[in-house]
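Engineer: For reference, the file query_35.txt (compact mmCIF, C-alpha atoms) is included below:
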# COMPACT_ATOMS: atom_id res chain seq x y z
CA MET A 765 143.68 63.51 72.49
CA ILE A 766 145.49 65.16 75.40
CA ASP A 767 143.50 66.23 78.45
CA LEU A 768 144.09 69.94 79.11
CA ASP A 769 142.12 69.93 82.37
CA LEU A 770 143.86 72.07 85.04
CA ARG A 771 142.35 69.85 87.76
CA SER A 772 145.12 67.35 87.05
CA CYS A 773 147.63 69.45 85.17
CA GLU A 774 149.76 67.78 82.51
CA LEU A 775 150.48 70.87 80.40
CA CYS A 776 154.26 70.69 80.77
CA PRO A 777 156.91 67.94 80.90
CA ARG A 778 157.00 68.02 84.69
CA LEU A 779 153.60 66.27 84.73
CA CYS A 780 152.86 67.45 88.27
CA ARG A 781 149.17 66.45 87.92
CA VAL A 782 148.26 69.03 90.56
CA ASN A 783 144.70 70.30 90.81
CA ARG A 784 145.51 73.92 90.04
CA GLU A 785 142.03 74.99 91.13
CA GLU A 786 143.15 74.11 94.67
CA LYS A 787 146.89 74.86 94.73
CA PRO A 788 149.74 75.93 92.42
CA GLY A 789 151.35 73.44 90.09
CA ALA A 790 155.06 72.94 89.45
CA CYS A 791 154.97 76.17 87.44
CA GLY A 792 153.82 78.08 90.52
CA CYS A 793 150.50 78.91 88.87
CA SER A 794 146.95 78.33 90.02
CA ALA A 795 144.05 78.05 87.58
CA ARG A 796 143.61 81.86 87.51
CA LEU A 797 145.27 83.41 84.48
CA LEU A 798 147.83 86.12 85.33
CA ALA A 799 149.64 88.58 83.08
CA ALA A 800 152.02 91.41 83.98
CA ARG A 801 152.05 93.46 80.77
CA ALA A 802 150.39 93.64 77.36
CA ALA A 803 151.94 96.33 75.17
CA LEU A 804 154.00 97.06 72.10
CA HIS A 805 157.51 95.71 72.67
CA PHE A 806 160.59 96.69 70.70
CA GLY A 807 163.18 94.38 72.25
CA GLU A 808 162.66 91.38 69.96
CA GLU A 809 164.47 90.52 66.74
CA PRO A 810 163.85 92.99 63.85
CA CYS A 811 161.52 90.60 62.04
CA ILE A 812 159.40 90.34 65.21
CA SER A 813 159.37 93.89 66.57
CA GLY A 814 159.78 95.78 63.32
CA THR A 815 159.14 99.51 63.62
CA GLU A 816 155.58 99.12 64.89
CA GLY A 817 156.36 96.82 67.81
CA SER A 818 155.39 93.31 68.82
CA GLY A 819 152.07 93.01 70.66
CA THR A 820 153.55 91.20 73.60
CA VAL A 821 151.66 89.60 76.47
CA PHE A 822 153.93 88.69 79.40
CA PHE A 823 152.29 85.91 81.40
CA ALA A 824 153.16 85.15 85.02
CA GLY A 825 154.70 81.85 86.09
CA CYS A 826 157.04 79.45 84.31
CA ASN A 827 157.50 75.70 84.19
CA LEU A 828 161.29 75.98 83.74
CA HIS A 829 163.04 77.15 86.89
CA CYS A 830 166.18 78.86 85.56
CA VAL A 831 168.34 80.28 88.35
CA PHE A 832 169.42 83.12 86.04
CA CYS A 833 165.94 84.16 84.84
CA GLN A 834 165.86 87.81 83.79
CA ASN A 835 162.08 88.03 84.27
CA HIS A 836 162.21 86.71 87.84
CA LYS A 837 159.47 89.10 88.95
CA ILE A 838 156.89 87.28 86.86
CA SER A 839 158.42 83.83 86.41
CA ARG A 840 159.14 83.08 90.06
CA GLU A 841 157.24 85.74 92.00
CA ARG A 842 154.18 85.34 89.74
CA TYR A 843 153.54 89.06 89.65
CA GLY A 844 150.55 89.91 87.50
CA LYS A 845 146.88 90.80 87.22
CA GLU A 846 144.15 88.17 86.99
CA LEU A 847 142.48 87.92 83.58
CA THR A 848 139.60 85.98 82.09
CA PRO A 849 139.92 84.43 78.63
CA ALA A 850 137.41 87.04 77.43
CA ARG A 851 139.66 89.84 78.70
CA LEU A 852 142.67 88.20 77.03
CA ALA A 853 140.76 88.11 73.73
CA ASP A 854 140.02 91.83 74.16
CA ILE A 855 143.73 92.46 74.77
CA PHE A 856 144.50 90.82 71.43
CA ARG A 857 142.08 93.25 69.75
CA GLU A 858 143.56 96.23 71.58
CA LEU A 859 147.13 95.35 70.58
CA GLU A 860 146.04 94.98 66.97
CA ALA A 861 144.37 98.39 67.13
CA LYS A 862 147.69 99.87 68.31
CA GLY A 863 149.36 98.55 65.15
CA ALA A 864 151.13 95.50 66.58
CA ASN A 865 152.98 93.35 64.05
CA ASN A 866 151.87 90.22 65.89
CA ILE A 867 150.45 88.84 69.11
CA ASN A 868 153.45 87.58 71.07
CA LEU A 869 152.60 85.16 73.89
CA VAL A 870 155.56 85.10 76.31
CA THR A 871 155.88 82.09 78.67
CA PRO A 872 152.48 80.74 77.62
CA THR A 873 152.97 77.12 78.68
CA PRO A 874 151.16 77.20 82.06
CA TRP A 875 148.22 78.97 80.40
CA VAL A 876 147.61 76.97 77.22
CA THR A 877 144.10 76.05 78.35
CA GLU A 878 143.10 79.68 78.88
CA ILE A 879 144.87 80.85 75.72
CA LEU A 880 142.91 78.31 73.68
CA LYS A 881 139.69 79.71 75.15
CA ALA A 882 140.74 83.25 74.24
CA LEU A 883 141.62 82.23 70.68
CA GLU A 884 138.21 80.62 70.32
CA LEU A 885 136.67 83.98 71.20
CA TYR A 886 138.91 85.97 68.88
CA ARG A 887 141.46 84.89 66.27
CA PRO A 888 143.89 87.76 65.67
CA LYS A 889 144.33 89.05 62.14
CA VAL A 890 148.09 89.31 62.69
CA PRO A 891 150.41 86.33 63.32
CA VAL A 892 150.26 84.65 66.72
CA LEU A 893 153.69 83.92 68.27
CA TYR A 894 154.43 81.24 70.85
CA ASN A 895 157.46 82.55 72.77
CA THR A 896 158.72 79.75 75.01
CA SER A 897 161.62 78.25 76.95
CA GLY A 898 161.43 75.17 74.72
CA TYR A 899 160.43 72.96 77.65
CA GLU A 900 157.19 71.77 76.08
CA ARG A 901 155.13 68.61 75.63
CA VAL A 902 154.67 67.58 72.03
CA GLU A 903 151.08 66.58 72.77
CA VAL A 904 150.26 70.10 73.98
CA LEU A 905 151.92 71.68 70.94
CA ARG A 906 149.72 69.52 68.72
CA ALA A 907 146.65 70.99 70.43
CA LEU A 908 147.85 74.41 69.21
CA GLU A 909 148.30 73.36 65.58
CA GLY A 910 146.69 75.85 63.22
CA LEU A 911 146.44 78.51 65.94
CA VAL A 912 150.12 79.45 66.27
CA ASP A 913 151.79 81.04 63.25
CA VAL A 914 155.32 81.67 64.51
CA TRP A 915 157.20 79.50 67.00
CA LEU A 916 159.91 81.26 69.00
CA PRO A 917 161.47 78.64 71.31
CA ASP A 918 164.68 78.83 73.27
CA TYR A 919 167.10 75.95 72.90
CA LYS A 920 169.01 76.53 76.12
CA TYR A 921 170.98 73.35 76.73
CA ALA A 922 172.49 70.43 74.90
CA ASP A 923 174.18 69.47 78.19
CA THR A 924 171.97 67.50 80.59
CA GLU A 925 174.11 68.41 83.61
CA LEU A 926 173.77 72.13 82.94
CA ALA A 927 170.03 71.72 82.44
CA ALA A 928 169.78 69.98 85.82
CA ARG A 929 172.00 72.50 87.64
CA PHE A 930 170.56 75.71 86.23
CA SER A 931 166.93 74.81 85.47
CA GLY A 932 166.09 71.71 87.49
CA ALA A 933 165.31 69.84 84.29
CA ARG A 934 167.84 67.15 83.38
CA ASP A 935 165.59 66.03 80.55
CA TYR A 936 165.57 69.49 78.93
CA PRO A 937 167.78 68.62 75.91
CA GLU A 938 165.68 65.62 74.94
CA VAL A 939 162.38 67.40 75.60
CA ALA A 940 163.35 70.61 73.79
CA LYS A 941 164.62 68.73 70.74
CA ALA A 942 161.32 66.87 70.43
CA ALA A 943 159.31 70.06 70.97
CA ILE A 944 161.24 72.05 68.39
CA ARG A 945 160.96 69.17 65.94
CA GLU A 946 157.15 69.32 66.35
CA MET A 947 157.12 73.10 65.85
CA TYR A 948 159.10 72.65 62.64
CA ARG A 949 156.75 69.91 61.48
CA GLN A 950 153.80 72.25 61.89
CA SER A 951 155.27 75.39 60.33
CA GLY A 952 158.70 74.84 58.75
CA ASN A 953 161.47 77.43 58.77
CA LEU A 954 160.68 81.08 59.44
CA LYS A 955 159.04 82.93 56.57
CA LEU A 956 159.11 86.71 56.16
CA ASN A 957 156.81 88.88 54.10
CA ALA A 958 157.92 91.58 51.65
CA GLU A 959 158.35 94.01 54.57
CA GLY A 960 160.69 91.62 56.37
CA LYS A 961 158.19 90.71 59.09
CA ALA A 962 157.78 87.15 60.37
CA VAL A 963 154.50 85.62 59.22
CA SER A 964 154.97 81.90 59.93
CA GLY A 965 157.50 79.24 60.86
CA LEU A 966 160.21 78.58 63.41
CA MET A 967 163.08 80.67 64.75
CA ILE A 968 165.28 79.10 67.45
CA ARG A 969 166.87 81.29 70.12
CA HIS A 970 169.97 80.46 72.11
CA LEU A 971 171.24 82.51 75.07
CA VAL A 972 175.00 82.17 75.52
CA LEU A 973 175.98 81.70 79.19
CA PRO A 974 179.30 82.71 80.77
CA LEU A 975 181.93 79.96 80.88
CA HIS A 976 179.70 77.50 79.00
CA LEU A 977 180.64 77.95 75.36
CA LYS A 978 180.86 74.19 74.85
CA ASN A 979 177.16 73.99 75.55
CA SER A 980 176.49 76.74 73.01
CA PHE A 981 178.67 75.04 70.41
CA ALA A 982 176.79 71.77 70.96
CA VAL A 983 173.41 73.51 70.62
CA LEU A 984 174.46 75.14 67.35
CA ASP A 985 175.88 71.84 66.08
CA GLU A 986 172.59 70.07 66.76
CA ILE A 987 170.51 72.77 65.08
CA ALA A 988 172.72 72.68 61.98
CA GLU A 989 172.64 68.88 61.85
CA GLU A 990 168.86 68.60 62.30
CA TYR A 991 167.59 71.58 60.30
CA GLY A 992 170.49 72.70 58.12
CA THR A 993 172.24 76.05 58.06
CA GLU A 994 169.27 77.77 56.40
CA GLN A 995 167.36 77.50 59.70
CA TYR A 996 166.70 80.87 61.37
CA VAL A 997 168.67 81.12 64.61
CA SER A 998 168.96 84.03 67.04
CA LEU A 999 172.25 83.99 68.96
CA MET A 1000 171.78 86.07 72.10
CA PHE A 1001 174.44 87.83 74.19
CA GLN A 1002 172.15 89.71 76.58
CA TYR A 1003 172.85 87.55 79.64
CA THR A 1004 172.98 89.85 82.69
CA PRO A 1005 173.32 88.74 86.35
CA PHE A 1006 170.51 90.75 87.94
CA ARG A 1007 170.79 88.73 91.15
CA GLU A 1008 173.56 86.63 92.65
CA THR A 1009 173.30 82.87 92.23
CA ARG A 1010 175.18 80.05 93.92
CA PHE A 1011 177.03 79.46 90.64
CA PRO A 1012 180.02 81.85 90.45
CA GLU A 1013 180.24 81.79 86.66
CA LEU A 1014 176.69 83.11 86.38
CA ASN A 1015 177.44 86.15 88.52
CA ARG A 1016 179.06 88.04 85.66
CA SER A 1017 178.24 89.05 82.10
CA LEU A 1018 179.88 87.54 79.03
CA THR A 1019 183.40 88.66 78.23
CA ALA A 1020 184.29 90.12 74.85
CA ARG A 1021 186.27 86.94 74.11
CA GLU A 1022 183.29 84.70 74.89
CA ARG A 1023 181.06 86.73 72.61
CA ALA A 1024 183.63 86.66 69.82
CA ARG A 1025 184.15 82.89 70.09
CA ALA A 1026 180.39 82.19 70.02
CA GLU A 1027 179.89 84.49 67.03
CA ASP A 1028 182.84 82.95 65.19
CA TYR A 1029 181.49 79.43 65.75
CA PHE A 1030 178.05 80.46 64.50
CA LEU A 1031 179.54 81.91 61.34
CA ARG A 1032 181.93 79.00 60.76
CA LEU A 1033 179.01 76.57 60.86
CA GLY A 1034 177.61 78.56 57.97
CA PHE A 1035 174.22 79.70 59.26
CA GLN A 1036 172.66 81.81 56.53
CA ASN A 1037 169.62 83.22 58.33
CA GLY A 1038 168.99 84.75 61.71
CA TYR A 1039 170.52 87.24 64.09
CA ILE A 1040 173.62 87.78 66.20
CA GLN A 1041 172.87 90.10 69.08
CA GLU A 1042 175.08 93.15 69.41
CA ALA A 1043 177.85 93.20 71.98
CA ASP A 1044 176.30 95.95 74.12
CA SER A 1045 173.05 94.03 74.61
CA ARG A 1046 173.52 93.22 78.29
CA GLY A 1047 171.63 95.17 80.93
CA SER A 1048 167.98 96.11 81.03
CA ARG A 1049 167.49 97.62 77.56
CA PHE A 1050 165.84 94.47 76.20
CA LEU A 1051 163.73 93.85 79.30
CA PRO A 1052 160.17 95.14 79.63
CA ASP A 1053 158.81 97.30 82.41
CA LEU A 1054 156.49 94.83 84.10
CA ASN A 1055 154.02 97.40 85.33
CA LEU A 1056 150.62 95.88 84.43
CA GLU A 1057 150.32 98.10 81.37
CA GLY A 1058 147.56 96.96 79.06
CA VAL A 1059 146.12 94.28 81.32
Output the file's structure in the form of structure tokens.
Structural biologist:
Amino acid sequence: MIDLDLRSCELCPRLCRVNREEKPGACGCSARLLAARAALHFGEEPCISGTEGSGTVFFAGCNLHCVFCQNHKISRERYGKELTPARLADIFRELEAKGANNINLVTPTPWVTEILKALELYRPKVPVLYNTSGYERVEVLRALEGLVDVWLPDYKYADTELAARFSGARDYPEVAKAAIREMYRQSGNLKLNAEGKAVSGLMIRHLVLPLHLKNSFAVLDEIAEEYGTEQYVSLMFQYTPFRETRFPELNRSLTARERARAEDYFLRLGFQNGYIQEADSRGSRFLPDLNLEGV
């Protein structure tokens, strides 16, 4: 049984073993739960947002240090309001009362211990989503078995060098593959109800990066090989350079040709389920206003 004690934190693959009651861990987080927004969100895939909206809780901090992060304000600056597990449980109730399709936990990894406490206090009547970078420990995911209904991981890199350069995590491909395999073991492929809303299972997201189509092709190849072309996949084109990085290729959006090549490869592999993000998806339209609403 894994130890989820924040006094020697082992929640993520970085295994920093920091006493987060005394100082921040590798994720930048202390032991005090922080969230920047809890509200209905309409920027997810149709089966997640629907017409009512996804009851999304944006947590502060992140254990994967992507140089191109589009939620930098919360992931790196740790902007947010301090919450207790009891308050988080109340937030779940409030989002349900607003008609949320689900409870969508965004970047939950640093806060699994507190989330488990909140779910002990209140188990939502709508599906619980675990919305993650994919950089997860299998042992921690097993502690969540039976509590998470829908797994929504990124699969960012098949290329270890890219993972090291852009996210400081050379082991990301190996770790993410094992994590996604565990999510699939627990819940299988994504299942929708009669209204087309996600109720259980796994949907894998992949964000296409400028100049790195080979990485995207390799990710799609691995998904098809491991799970078959019936697996739900969300191919995302929303990459936007909100701040300049030291990597020139990341300081621009995708070109029309890059989008077309990625879409063509996805279709040629024969994926039958999932989503291809529209071409005009770049910019801030899919990003939330991180203004402490609902927390």
Engineer: Env of Asn868 of chain A: 6 Å cut, atoms = only C-alpha atoms, seq-sep filter 3 positions within chain, self excluded. Answer as a list of chain:residue names.
Structural biologist: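 Residues meeting the cut-off are A:Gly819, A:Thr820, A:Leu893.
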Engineer: So how far away is atom CA of Tyr894 of chain A from atom CA of Ile867 of chain A, in Å?
Structural biologist: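 Value for the atom CA of Ile867 of chain A-atom CA of Tyr894 of chain A distance: 8.8 Å.
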Engineer: Tell me, in Å to one decimal, how far atom CA of Val876 of chain A is from atom CA of Ala927 of chain A.
Structural biologist: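 Calculated distance between atom CA of Val876 of chain A and atom CA of Ala927 of chain A is 23.6 Å.
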Engineer: Which residue out of A:His836, A:His805, A:Arg771, A:Lys941 has the minimum interatomic distance to Glu989 of chain A when only C-alpha atoms are used?
Structural biologist: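 Smallest distance to Glu989 of chain A is found for A:Lys941.
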Engineer: Near Thr848 of chain A, counting only C-alpha atoms, which residues have an atom at most 9 Å away, once you skip same-chain residues fewer than 6 positions from it, shown as a list in words?
Structural biologist: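 The residues that qualify are Arg796, Leu797, Leu798, Glu878 and Ala882 of chain A.
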Engineer: Reconstruct N, CA and C atoms of segment 1012-1042 of chain A; output as an mmCIF file, in the frame of the given file.
Structural biologist:
data_model
loop_
_atom_site.group_PDB
_atom_site.id
_atom_site.type_symbol
_atom_site.label_atom_id
_atom_site.label_comp_id
_atom_site.auth_asym_id
_atom_site.auth_seq_id
_atom_site.Cartn_x
_atom_site.Cartn_y
_atom_site.Cartn_z
ATOM 1 N N PRO A 1012 179.178 80.668 90.660
ATOM 2 C CA PRO A 1012 180.020 81.850 90.450
ATOM 3 C C PRO A 1012 180.091 82.322 89.004
ATOM 4 N N GLU A 1013 180.099 81.381 88.055
ATOM 5 C CA GLU A 1013 180.240 81.790 86.660
ATOM 6 C C GLU A 1013 179.038 82.565 86.145
ATOM 7 N N LEU A 1014 177.902 82.405 86.818
ATOM 8 C CA LEU A 1014 176.690 83.110 86.380
ATOM 9 C C LEU A 1014 176.564 84.495 87.002
ATOM 10 N N ASN A 1015 177.507 84.858 87.844
ATOM 11 C CA ASN A 1015 177.440 86.150 88.520
ATOM 12 C C ASN A 1015 178.224 87.236 87.790
ATOM 13 N N ARG A 1016 178.412 87.033 86.492
ATOM 14 C CA ARG A 1016 179.060 88.040 85.660
ATOM 15 C C ARG A 1016 178.462 87.979 84.254
ATOM 16 N N SER A 1017 178.678 89.038 83.494
ATOM 17 C CA SER A 1017 178.240 89.050 82.100
ATOM 18 C C SER A 1017 179.255 88.319 81.235
ATOM 19 N N LEU A 1018 178.933 88.135 79.973
ATOM 20 C CA LEU A 1018 179.880 87.540 79.030
ATOM 21 C C LEU A 1018 181.068 88.465 78.814
ATOM 22 N N THR A 1019 182.228 87.870 78.601
ATOM 23 C CA THR A 1019 183.400 88.660 78.230
ATOM 24 C C THR A 1019 183.388 88.896 76.717
ATOM 25 N N ALA A 1020 184.164 89.853 76.285
ATOM 26 C CA ALA A 1020 184.290 90.120 74.850
ATOM 27 C C ALA A 1020 184.807 88.880 74.122
ATOM 28 N N ARG A 1021 185.718 88.146 74.739
ATOM 29 C CA ARG A 1021 186.270 86.940 74.110
ATOM 30 C C ARG A 1021 185.200 85.866 73.975
ATOM 31 N N GLU A 1022 184.359 85.688 74.986
ATOM 32 C CA GLU A 1022 183.290 84.700 74.890
ATOM 33 C C GLU A 1022 182.315 85.051 73.771
ATOM 34 N N ARG A 1023 181.960 86.314 73.687
ATOM 35 C CA ARG A 1023 181.060 86.730 72.610
ATOM 36 C C ARG A 1023 181.691 86.475 71.244
ATOM 37 N N ALA A 1024 182.954 86.819 71.115
ATOM 38 C CA ALA A 1024 183.630 86.660 69.820
ATOM 39 C C ALA A 1024 183.740 85.191 69.436
ATOM 40 N N ARG A 1025 184.026 84.321 70.386
ATOM 41 C CA ARG A 1025 184.150 82.890 70.090
ATOM 42 C C ARG A 1025 182.803 82.300 69.676
ATOM 43 N N ALA A 1026 181.718 82.704 70.370
ATOM 44 C CA ALA A 1026 180.390 82.190 70.020
ATOM 45 C C ALA A 1026 179.982 82.682 68.629
ATOM 46 N N GLU A 1027 180.229 83.942 68.346
ATOM 47 C CA GLU A 1027 179.890 84.490 67.030
ATOM 48 C C GLU A 1027 180.697 83.807 65.929
ATOM 49 N N ASP A 1028 181.985 83.600 66.185
ATOM 50 C CA ASP A 1028 182.840 82.950 65.190
ATOM 51 C C ASP A 1028 182.354 81.536 64.907
ATOM 52 N N TYR A 1029 181.958 80.810 65.947
ATOM 53 C CA TYR A 1029 181.490 79.430 65.750
ATOM 54 C C TYR A 1029 180.206 79.423 64.932
ATOM 55 N N PHE A 1030 179.302 80.326 65.242
ATOM 56 C CA PHE A 1030 178.050 80.460 64.500
ATOM 57 C C PHE A 1030 178.311 80.689 63.018
ATOM 58 N N LEU A 1031 179.240 81.582 62.729
ATOM 59 C CA LEU A 1031 179.540 81.910 61.340
ATOM 60 C C LEU A 1031 180.295 80.773 60.648
ATOM 61 N N ARG A 1032 181.186 80.102 61.363
ATOM 62 C CA ARG A 1032 181.930 79.000 60.760
ATOM 63 C C ARG A 1032 181.040 77.815 60.420
ATOM 64 N N LEU A 1033 179.962 77.630 61.196
ATOM 65 C CA LEU A 1033 179.010 76.570 60.860
ATOM 66 C C LEU A 1033 178.253 76.901 59.580
ATOM 67 N N GLY A 1034 178.209 78.162 59.235
ATOM 68 C CA GLY A 1034 177.610 78.560 57.970
ATOM 69 C C GLY A 1034 176.135 78.910 58.020
ATOM 70 N N PHE A 1035 175.627 79.288 59.189
ATOM 71 C CA PHE A 1035 174.220 79.700 59.260
ATOM 72 C C PHE A 1035 173.985 80.895 58.340
ATOM 73 N N GLN A 1036 172.932 80.792 57.553
ATOM 74 C CA GLN A 1036 172.660 81.810 56.530
ATOM 75 C C GLN A 1036 171.564 82.785 56.938
ATOM 76 N N ASN A 1037 170.754 82.394 57.917
ATOM 77 C CA ASN A 1037 169.620 83.220 58.330
ATOM 78 C C ASN A 1037 169.623 83.396 59.842
ATOM 79 N N GLY A 1038 169.121 84.537 60.275
ATOM 80 C CA GLY A 1038 168.990 84.750 61.710
ATOM 81 C C GLY A 1038 169.673 86.009 62.165
ATOM 82 N N TYR A 1039 170.038 86.017 63.455
ATOM 83 C CA TYR A 1039 170.520 87.240 64.090
ATOM 84 C C TYR A 1039 171.631 86.917 65.084
ATOM 85 N N ILE A 1040 172.595 87.821 65.158
ATOM 86 C CA ILE A 1040 173.620 87.780 66.200
ATOM 87 C C ILE A 1040 173.461 89.070 66.993
ATOM 88 N N GLN A 1041 173.150 88.926 68.269
ATOM 89 C CA GLN A 1041 172.870 90.100 69.080
ATOM 90 C C GLN A 1041 174.126 90.944 69.267
ATOM 91 N N GLU A 1042 173.936 92.248 69.284
ATOM 92 C CA GLU A 1042 175.080 93.150 69.410
ATOM 93 C C GLU A 1042 175.756 93.000 70.763
#
